[in-house]
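Trainee: Below you'll find the structure I mean.
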Amino acid sequence: MKTFVRGIQSEDVEAVINDSPDDQRKGFYKRSGLQDSRINSLKYTLIGDFLPQGSEEADLFVPAYASKSSNRFFVPLVMPDRITAIPSNTGTRVNPVVINESFIDRDTMNFSIPAGFEIEFKPQPQLIDSKFGNYSLRVDISDDRLVCIRSFSIYENRYTAAEYADFIAFLKKVSKADRTKAVLKG
């Protein structure tokens, strides 16, 4: 698993790059949501001053990433740490919604399809456009690989308190799309 970040998101790498290997592993497990995995290697790099860039490279063994039912495996296409969080207070809002920073997350997840398995279900492309941002998810099949391409952006802006419900609805749609699964049969 490789994660590349730049700009303000490189602060996530900067925060852990000088930690002990044990603390880095603990932090990775906490952030990734893959507590049942085994880390074979974990490496962080940080370069650049004006526009810093960082990376996290993890070689993982994840024995139970997919859930199984009979001879079908349900494979989450988006890593648990990438799934969009919904604010807990979704009631009536009094103050405006202020998004201080725009961002774009682009993720590509590659899954090897084991010999003897076939893809029973491949999700259709998803596109969510909103004044708050946009989201897309596409799944391609190439030889023995399932490739999921995800893009999620939020726009910097100030919105009225009355628009809060629409913002929450947008995040809920994104969160639901993030939980999309492919089905392998073998």
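Ligands are numbered from 1 in the order shown, residues from 1 within each chain, and chains are lettered A, B, ... in the order they appear in the structure tokens.
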Pull the strand (DSSP E) assignments for stretch 47-174 of chain A out of DSSP run on the backbone, and list those residues as a PyMOL selection string.

Mentor: chain A and resi 47+53-61+67-69+72-76+97-99+103-112+118-121+126-130+133-142+145-154+157-159

Trainee: Could you pull the residues within 6 Å of stretch 164-181 of chain A, counting only C-alpha atoms, minus those fewer than 4 positions along the same chain, as a tab-separated table (two decimals) with all heavy atoms, in the first residue's frame?

Mentor:
```
chain	number	residue	atom	x	y	z
A	74	PHE	N	-16.78	-10.57	-0.49
A	74	PHE	CA	-17.19	-9.18	-0.65
A	74	PHE	C	-15.99	-8.31	-0.32
A	74	PHE	O	-15.57	-8.23	0.83
A	74	PHE	CB	-18.39	-8.89	0.25
A	74	PHE	CG	-19.58	-9.74	-0.09
A	74	PHE	CD1	-19.72	-11.02	0.45
A	74	PHE	CD2	-20.54	-9.28	-0.97
A	74	PHE	CE1	-20.81	-11.82	0.11
A	74	PHE	CE2	-21.64	-10.08	-1.31
A	74	PHE	CZ	-21.76	-11.35	-0.77
A	75	VAL	N	-15.45	-7.66	-1.33
A	75	VAL	CA	-14.19	-6.92	-1.21
A	75	VAL	C	-14.46	-5.42	-1.12
A	75	VAL	O	-14.92	-4.81	-2.10
A	75	VAL	CB	-13.27	-7.21	-2.42
A	75	VAL	CG1	-11.95	-6.46	-2.28
A	75	VAL	CG2	-13.05	-8.71	-2.60
A	76	PRO	N	-14.18	-4.80	0.04
A	76	PRO	CA	-14.30	-3.34	0.13
A	76	PRO	C	-13.30	-2.69	-0.83
A	76	PRO	O	-12.13	-3.09	-0.88
A	76	PRO	CB	-13.93	-3.03	1.58
A	76	PRO	CG	-14.02	-4.33	2.30
A	76	PRO	CD	-13.74	-5.39	1.30
A	77	LEU	N	-13.75	-1.73	-1.60
A	77	LEU	CA	-12.88	-1.10	-2.59
A	77	LEU	C	-12.14	0.11	-2.06
A	77	LEU	O	-11.17	0.55	-2.64
A	77	LEU	CB	-13.71	-0.72	-3.83
A	77	LEU	CG	-14.34	-1.92	-4.54
A	77	LEU	CD1	-15.29	-1.45	-5.63
A	77	LEU	CD2	-13.27	-2.84	-5.09
A	78	VAL	N	-12.61	0.66	-0.96
A	78	VAL	CA	-11.99	1.85	-0.36
A	78	VAL	C	-11.46	1.45	1.01
A	78	VAL	O	-12.18	0.85	1.81
A	78	VAL	CB	-13.00	3.01	-0.26
A	78	VAL	CG1	-12.38	4.22	0.42
A	78	VAL	CG2	-13.51	3.39	-1.66
A	83	ILE	N	-12.70	6.30	4.22
A	83	ILE	CA	-14.15	6.46	4.22
A	83	ILE	C	-14.52	7.78	4.91
A	83	ILE	O	-14.05	8.08	6.00
A	83	ILE	CB	-14.84	5.26	4.88
A	83	ILE	CG1	-14.62	4.02	4.01
A	83	ILE	CG2	-16.33	5.52	5.09
A	83	ILE	CD1	-15.17	2.74	4.57
A	84	THR	N	-15.35	8.54	4.24
A	84	THR	CA	-15.71	9.86	4.69
A	84	THR	C	-16.51	9.83	5.99
A	84	THR	O	-17.50	9.11	6.09
A	84	THR	CB	-16.53	10.58	3.60
A	84	THR	OG1	-15.75	10.58	2.41
A	84	THR	CG2	-16.89	11.99	4.00
```

Trainee: Between A:Phe111, A:Phe61, A:Phe121, A:Tyr29, which residue has the minimum interatomic distance to A:Cys148, considering only C-alpha atoms?

Mentor: A:Phe111

Trainee: Excluding A:Tyr159 and its own-chain neighbours fewer than 5 positions away, which residues fall within 10 Å of it when counting only C-alpha atoms? Please give them as a list in words.

Mentor: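 Surrounding residues, per the criterion: Asn95, Pro96, Val97, Val98, Ile99, Lys131, Phe132, Tyr164 and Phe167 of chain A.
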
Trainee: Please identify all polymer residues within 7 Å of stretch 8-21 of chain A, counting only C-alpha atoms, omitting same-chain residues fewer than 5 positions from it, and present them as a list in words.

Mentor: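 Neighbouring residues, sequence-local ones excluded: Tyr44, Leu46, Pro52, Gln53, Gly54 and Ser55 of chain A.
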
Trainee: Could you work out how far atom CA of A:Met1 lies from atom CA of A:Ile113, giving the answer in Å with one decimal?

Mentor: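 Straight-line distance from atom CA of A:Ile113 to atom CA of A:Met1 works out to 16.1 Å.
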
Trainee: What's the separation between atom CA of A:Gly27 and atom CA of A:Glu57, in Å to one decimal place?

Mentor: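 For atom CA of A:Gly27 relative to atom CA of A:Glu57, the distance reads 13.6 Å.
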
Trainee: Find the distance between atom CA of A:Ser136 and atom CA of A:Pro87 and write it in Å to one decimal.

Mentor: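 Interatomic distance, atom CA of A:Ser136 to atom CA of A:Pro87: 21.1 Å.
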
Trainee: Select, from A:Ser70, A:Asn110, A:Ile39, A:Val139, the residue with the minimum atom-to-atom distance to A:Gln124, counting only C-alpha atoms.

Mentor: A:Val139

Trainee: Counting only C-alpha atoms, which residue out of A:Asn157, A:Asn134, A:Ser41, A:Ser112 sits closest to A:Asn100?

Mentor: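 Residue with the minimum atom-to-atom distance to A:Asn100: A:Asn157.
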
Trainee: Return the single residue from A:Met109, A:Met79, A:Ile47, A:Val62 that is closest to A:Val147, with distances computed using only C-alpha atoms.

Mentor: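 Residue with the minimum atom-to-atom distance to A:Val147: A:Met109.
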